[in-house]
Every structure is written in structure tokens, then in C-alpha cells.
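Chemist: If you scroll down you'll find the structure; I have some questions about it.
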Amino acid sequence: METLAYGFPKLGEKREFKNLLENYWKGKISEEDLIKGINALRDWMVGLYKDTVDLFPSNELSYYDFMLDTAIMVGAVPSRFGEFKGLSTYFEMARGSQALEMTKYFNTNYHYLVPELEGTDFKLLKNYPLEEYLYFKSKGIETLPKIISPYTFLKLSKALVKGSSPLPVYHLSKIERFEDLERYLLALLPVYEEVLKQLRQEGAKVVLFEDPALCYEMESQEWDLVHEMYKRLSEHADIYVMTYYDSVSDYKRFVDLPVKALGLDLVSNRENLENIRKHGFPSDKKLIAGIINGRQVWRASLTEKIRLAEELLKYAQHLIISNSCPLFHLPVSTQPEEDLPVHQVQIEGLTSLSLKERLAFAKEKLQELNLIKRAIEGDQQARMMVEKVENIVSVPFGVNQEVRRRVNALTERDFQRELDYKERIKLQQEILRLPTFPTTTIGSFPQTEEVRKIRASYTAGKVSPKEYEEFIKKQIQHVIRVQEEIGLDVLVHGEFERTDMVEFFAQKLEGIATTKHGWVLSYGSRVYRPPIIYGDVYRPSPMTLNEITYAQSLTEKPVKGMLTGPVTILNWSYYREDIPKKEIAYQIALALLEEVKDLERAGIKIIQIDEPAFREGAPIKRKDWDEYFDWAVKAFRLCSRANPQTQIHTHMCYSEFNDVMEYIYQMDFDVISIEASRSKGEIISAFEKFKGWDRQIGIGVYDIHSPAVPTKESIRSVLERAMKVLPKELLWVNPDCGLKTRRWEEVVPSLKNMVEVAQELREKY
Ligand code: GLN
Ligand code: ZN
């Protein structure tokens, strides 16, 4: 038996990666220093692997994103970037004014850059796998070059295709037709073959292919194509294929692939293991068993994992144990976390236990693989350790009987608002008296350097709670005045007290921990700290009431209450696995409902419950969608069961709505605001296709990610396009997302233009 690990977080122990990149972009360090710094991170990462596992990859330390690297490797540099000139073109493609589109990697919160294929004219532009392989080889370290498979690459790319109206004649779209896929794949293969040939010449025998797209539901002819692909690639290397995030869509076809080793995720699903048990595993191939969870932070029950590995040894002649998916969904190490919650427990010799003891981040996961192997081989010390861990992971932790009772007592009524939308809207309009084309924003206003500084000083204890509260109040006064001056109809309090829309609530709720150093990359150099839902969740006291009611006291116009929805809090956090996900969502929803009730009692008339991660949490396979959306929709309905006269808004961004309109509609909100400017009309067409849409909708009239002030014409054109599809009574006017990353100088004129357009439309229509 061997161990293999891959996908280790490249961020570094102290966010070195982020600092290097940002310093380079700001011109504070030279290209040479950047390269030196990145190489130091490479050494660090491979050093960790080398100390703990038998097999490990290279080509993992991308300067920005591995999909971008792959696109460049095969020469897919869109013509607008001109000739490829190294790092300058590289970062232009990643983050320039005409950068590639960004989207979520499968159902994770990692965002990759979507390769744009202008044709089938591929060529080997940069052999990144070879460069890194040689880098380590020169240091006497043998690594397995890791590459995204051509199939997954194409599945995640967009190609220029001919469209039917109303879309432009040529536009970028996923490669959906089999003939197109085949054409692109056949064009791409020679480049990959060349990469492998060069690698072989330099001595690389084994190459790791990541092919998670094999977990999507696939047609038989696609399997034929994938089979052919690996047949050709196998002529140049010993290929190990990795799949992850779900079960492979056809086990028999998968194990039949002409490669040396097959990787299966045995954590995220039950099917893979069931299939091994039912159909066995080919004797001439190695099994790479992903048994250590790469997406969740829990320390594994090693006893259980050892039992599993021993069972797998019966099926596979040669077993390699591994993490279930790339480790970059995890922070680097639990080691610097000193302030995690401690709970009373009763285990032999222990009365209290820190959450830290129950966690394993990326480094600790490597140790787990190492321990499992040693324990199986009979190492006494490892065996003792396994037993100790068993005690720690098996005791109940953070249980709250009252919360459990409330979730168990839920009935259908709890998921239903008292009146139908048609009745509600009349009551709401009587109170709100909004004009047609009402204007609003999504919630946050610029988080200036000053705001961030004061908040940091407050967290560090250098600013007193009283001073901090006064400071936030000042910000709220300012933002209310600005919004009134601009003439917006529905105001917000600006969210100055919030670092992050999920972390803020996590800090206020019991049963959820937040870390100090648990950073994870979401894209480029952008990091966030996912909270950890470890126990039963409840709300010890109001979370947003003070700020919202203060804002409302300053104006006659309605101020929206602003909450993050249960599904988003859950999907952007790590979560416990001892109770169903659905139950966690209901616990959070119940806590949010208490907040909704408090806001209502305090006179708040509109409440927005943001759900930007609602869509992305959907499972990879469509057959699993009903189950997910069933509880996701119910969780939203549970927390939004407000009085009929309270107007419930929701907000979503960067989502593909086309396939999920049915579920979105079932959420039963009164108003939804969505991003639309980046996906250029695709979203509006989703509403066009949905029959019987009757809810109000704010289609984002401009892209908040760009510093440019939108022209009135561009704003008007989005609205006029929407009016072709939806009755004007349903339309709201708002930017496409929160304004927190923008500057005041950009925000004020942009919103002024927006409000003017709304006023003009009111006169015209
Ligand atoms: N209310 C949040 C804000 O305005 C919404 C953020 C989001 O959708 N990602 O920042
Ligand atoms: Zn948004």
C-alpha cells in the first residue's frame, strides 16, 4: 500500500502567496522576487508532502489559477490579448480590464478562469508541467506532474459558437453538442501528447490527470471518446486518473479506461464504494482510494478509515490511499488556532475538549494518511495514536436539546407564508407606496480603508465597543444622507459593521466557530475564512437589530433589514457531518426567523435575505437536485415566514438560472435582485422561458466589479430589454451586487445615473 496526496493549499502558512502576488501587482516587488517567492512556496509544499506521503505531484503552484495555466499551455490565448508575453499577458488574462470570465469550480467556492476557445487551433505554448517537473528533479525530488485532463478542460471551457436569436451570431458558450466536443478534443490531443513526450524524455514516468468532469452525467458516446483519449495518452506515459467531488457517472466504463491507476472519491458519495463492492476492481490497475475528506475540516475516525482501507485491499491488488479531493478547500493547519471553543465532555480522563482537537486542516490530513498507513503496517506508536483519536472524535459536542426539539417539531405550516403573493403584495404596497421602477441597492456601501482600520483596531481591543459603535453610527448617518440625496426609494444601512456576509453571522450565532488564521483562496489572491458549524446552531441575542433600527430612525423612507440566508451560511461554511445537512439548514433558518421577527417588531417593513450560494450548492448530478432543492427551498421559506405585509427580498449573484427557475420560484419571496450585466442577457432569457413568473425582480443594471461609472444609455438598455419580457410593474432598478469594494467617487455618480433613468422611465411608460 502507498499514500498519495494532492491539491495542497498554495497560500502558505502566513498567506505568503497572497502577499507576493499583491506586492507584485502594486509594483512593490520585481518579477524576479515574485518568482523566487513562488519557488520558495513550491519547496515548502513539496517538502511537506515528502515528509508524510509516498507519492505527490508537481505543477500545483499556479501563479493565479490552474485552468488559466492549462489554457495557456495549449495556446488558448484569446486574440484580444495579442501575443503571449509571459507574466504580463498572464495577469492581463487573469485580472485585466478584459479578463476571462470567472466561475465556480464544480460545486465548490473556488473560482476558476473560464478558458475561451476561439477555434480548434491549439499549440503547445508553455509546458508548465515540464518546467515544474524539472525544477524538482534538479533538486533530486521525483514528482508526478499533474495536469487537468483534456476532457475536463473542454467541459469547463467556453467556445465561440453560432447562436440563434436573440443571442448574438457568434457568442461564447459551453460546448454542448457531442460533435463539437469531439472536434475540440481531437484537436487538443496532439498538444497533450507533446507535453507527455517531453516529460517522458526528461524521465517522468507517471503523470496524474485530474478528470472530475467524469462525475457529471455522461452519454455513452462521451465515454467512448474519453476511452479513446486515454488510449492515446497512455502511449506516452503511465497515467493515473483522479476523479473527485462525486461518484463517477459510470463505474464500469471508468474502471475499463486504459490507464494504470484510477482514483475514486470515497467520501462525498456512497455509490463509488458500493460499485467496488458490487463489481470488484480490475486486477491489472491500481486503485487510488480517496478516503480522507479534502473538503471538510474534521479529524477522521482513523479506526473507520483503517477498516475501509483493509476492505479495499481485498478488491485491489495495489492500493494507494489518498485525500478525497484537492486539499485547497482547507486552511493550511489548525496549529495557530488558539481561540477555538472549548466544551464540557465526559471521556476517560477528560472533562473539557477544545474544538481544535477535533479538527484536521490540510497539514493534519497529510498526517492522517501517514498514520493510517503506518497503523496498517503494524507500527505500535501509530496504533496508540489511532485509539486516542477515536476517543476524541466520538464524543457528542455542542448539543442543544432545545434546538433539536424545535427542528423536530416543524410542520408544513412553518414553511408557508400566511397569505399568497397576490394578497401579500396588496398589503405591502399599501404600506410602502413605492413608485414604478423602484430604486434600491443590494446592501453594502464602500468599505473604506478607514472602516477596515477601525474594525481591525476594535477586534484587536484597541478601540472600545462604545467608540466602535459611535463610529458605525456615523457611517450609517452618512450613508442614509447620501442615499436620500441621490433619491433612492428603498434604503440600506450600508453593512459597515460586517467583514464578510457569512462570517459576521457566524460570529453572532452559537454552534458556529470562526478561525483567526483559517484562510482559504477563493480566487486569484482573494481569501476568506470559512466558519465551522460544529454544534447545534442558535441565536443568543439579536444580530442586526441595532444597526437597522438606528438607520430606520434617521429616515422616512423604508430601510431594508439585511440578512444572509441559511443556505448561503451553510454552503460557505464547513459543517458537521453527524446530522443531515438539511437539519443544519433548518437550525440556522430558525435562528434567522427570530431575527426577522425582531426586525418586524421594531417597525422594519422590508427584509432582504441574501442567498448568493443557493444555486452553487446544487449537487453535480442532476438526479440529486430535487433532494437538495427541496430542503434548500424549505430552509429559505422557514426563515422568511414573515408577516404578509413584510416584503421579503432575496439576492443572488453569479448563478446560472436557466435550469433552476422552478426551484427559485418555489422560494416564495416577494422580490429578487440578481446579477445580469456580466452574463449579458442570459439571465433575462431564463425568465423569458419561465411561464407564469409573477414576482418582482431587480435585474442588476450595471456591473459593480468595474470601477467605470455606467452610462445612462447602458442602464436604460438593460431595463428596456427586461421590459420586453416582464411587465413593468414587476421591475426594480438596482446595481447587480453590493458596493463594498467600490469607492465613493464611483458609487455616487453611478447611482445618480441609475435613479435618473428610473425617473425618466416612469414618465415615459
Ligand atoms: N448584501 C450583500 C452586500 O451587499 C450581498 C453580497 C453578495 O451577494 N455577495 O454586500
Ligand atoms: Zn451579490
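The chains in the C-alpha cells are called A, B, ... from first to last as shown; in each chain the residues are counted from 1, and the ligands are counted from 1 in the order shown.
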Using only C-alpha atoms, which protein or nucleic acid residues come within 10 Å of region 116-129 of chain A? Drop anything in the same chain fewer than 3 positions from it, and give the result as a PyMOL selection string.
Modeler: chain A and resi 57-60+62+68-79+84+86+100-101+113+132-135+144-147+154+156-161+171-175+180+183-196+198-199+207
Chemist: Which protein, DNA or RNA residues have an atom within 10 Å of ligand 1, counting only C-alpha atoms and all ligand atoms, as a PyMOL selection string?
Modeler: chain A and resi 441-447+492+494-496+498-502+561-564+568+608-613+650-654+673-675+735-741
Chemist: With DSSP run on the backbone, what are the helix (DSSP H, G or I) residues within region 235-286 of chain A? I'd like them as a PDB file with C-alpha atoms, in the first residue's frame.
Modeler:
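Full text of selection.pdb as output:
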```pdb
ATOM      1  CA  TYR A 251     -18.315   2.865 -12.830  1.00  0.00           C
ATOM      2  CA  LYS A 252     -17.886   0.091 -15.371  1.00  0.00           C
ATOM      3  CA  ARG A 253     -16.791   2.430 -18.126  1.00  0.00           C
ATOM      4  CA  PHE A 254     -14.462   4.183 -15.711  1.00  0.00           C
ATOM      5  CA  VAL A 255     -12.602   1.109 -14.486  1.00  0.00           C
ATOM      6  CA  GLU A 271     -22.014   4.924  -4.993  1.00  0.00           C
ATOM      7  CA  ASN A 272     -18.297   4.543  -5.615  1.00  0.00           C
ATOM      8  CA  LEU A 273     -17.806   2.183  -2.692  1.00  0.00           C
ATOM      9  CA  GLU A 274     -20.998   0.292  -3.439  1.00  0.00           C
ATOM     10  CA  ASN A 275     -19.801  -0.200  -7.000  1.00  0.00           C
ATOM     11  CA  ILE A 276     -16.431  -1.510  -5.886  1.00  0.00           C
ATOM     12  CA  ARG A 277     -18.217  -3.973  -3.629  1.00  0.00           C
ATOM     13  CA  LYS A 278     -20.652  -4.986  -6.311  1.00  0.00           C
ATOM     14  CA  HIS A 279     -18.450  -5.082  -9.391  1.00  0.00           C
TER      15      HIS A 279
END
```
Chemist: Residues near Glu763 (chain A), anyone? I mean within 12 Å using only C-alpha atoms, not counting same-chain ones fewer than 5 positions away, as a ChimeraX atom specification.
Modeler: /A:435-437,756-758
Chemist: Using the selection just defined, write its residues with C-alpha atoms as a PDB file, in the first residue's frame.
Modeler:
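Final output, saved to again_23.pdb:
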```pdb
ATOM      1  CA  PRO A 435     -43.367  54.236  -7.433  1.00  0.00           C
ATOM      2  CA  THR A 436     -42.984  52.052 -10.518  1.00  0.00           C
ATOM      3  CA  PHE A 437     -39.345  51.172 -11.192  1.00  0.00           C
ATOM      4  CA  GLU A 756     -32.342  59.397 -13.220  1.00  0.00           C
ATOM      5  CA  VAL A 757     -33.020  56.586 -15.652  1.00  0.00           C
ATOM      6  CA  ALA A 758     -35.734  55.217 -13.349  1.00  0.00           C
TER       7      ALA A 758
END
```
Chemist: List as a list in words the protein and nucleic acid residues near Ile454 (chain A), meaning an atom at most 10 Å away when only C-alpha atoms are counted, but skip any in the same chain fewer than 5 places from it.
Modeler: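 Everything that qualifies: Glu449, Thr459, Ala460, Lys462, Val463, Glu467, Tyr468, Phe471 and Ile472 of chain A.
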Chemist: Which neighbours of Asn391 (chain A) fall inside 10 Å, counting only C-alpha atoms, when residues of the same chain fewer than 6 positions from it are skipped, and could you give them as a PyMOL selection string?
Modeler: chain A and resi 301+347-348+350
Chemist: May I ask which of the residues A:Gly565, A:Pro258, A:Gly603, A:Gly378 is the closest one to Ala589 (chain A), counting only C-alpha atoms?
Modeler: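 Answer, going by the shortest atom-to-atom distance: A:Gly565.
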Chemist: Quick one: distance from CA of Tyr663 (chain A) to CA of Asp246 (chain A) in Å, one decimal?
Modeler: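 Here the two named atoms are 22.2 Å from each other.
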Chemist: For a test of reading the model, state the distance in Å between CA of Leu48 (chain A) and CA of Asn370 (chain A), rounded to one decimal.
Modeler: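 Between CA of Leu48 (chain A) and CA of Asn370 (chain A) the gap is 11.7 Å.
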Chemist: Applying 9 Å and only C-alpha atoms, which residues near region 700-711 of chain A remain after dropping the ones on its own chain fewer than 2 positions away? List them as number ranges by chain.
Modeler: A: 97, 673-678, 698, 713-719, 732-739, 741-743, 746-747, 749-751, 753-754
Chemist: So that I can check the secondary structure, give me every residue of region 306-449 of chain A assigned strand (DSSP E or B) by backbone DSSP, as a ChimeraX atom specification.
Modeler: /A:318-323,342-347,350-354,359,439,444
Chemist: Grab the CA of Lys388 (chain A) to CA of Leu302 (chain A) distance for me, in Å with one decimal place.
Modeler: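 We find that CA of Lys388 (chain A) and CA of Leu302 (chain A) lie 9.8 Å from each other.
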Chemist: Could you give me, as a list in words, the residues within 8 Å of Phe328 (chain A), counting only C-alpha atoms and dropping anything in the same chain fewer than 3 positions from it?
Modeler: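 Here the qualifying residues turn out to be Gly7, Phe8, Pro9, Lys10, Gly294, Pro331, Ala362, Val520 and Leu521 of chain A.
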Chemist: Nearest to ligand 2 among A:Ala213, A:Ile672, A:Met723, A:Val755, with distances taken over only C-alpha atoms and all ligand atoms: which residue is it?
Modeler: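 Between A:Ala213, A:Ile672, A:Met723, A:Val755, the residue approaching ligand 2 most closely is A:Ile672.
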Chemist: Using only C-alpha atoms for the distances, tell me which of A:Lys712, A:Arg299, A:Lys36, A:Lys473 is nearest to Gln367 (chain A).
Modeler: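 Ranking A:Lys712, A:Arg299, A:Lys36, A:Lys473 by distance to Gln367 (chain A), first place goes to A:Arg299.
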Chemist: Go through A:Tyr765, A:Tyr574, A:Phe17, A:Phe614 one by one, measure the shortest atom-to-atom distance of each to ligand 2 using only C-alpha atoms and all ligand atoms, and give the residue with the smallest value.
Modeler: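 Of all the options, A:Phe614 lies closest to ligand 2.
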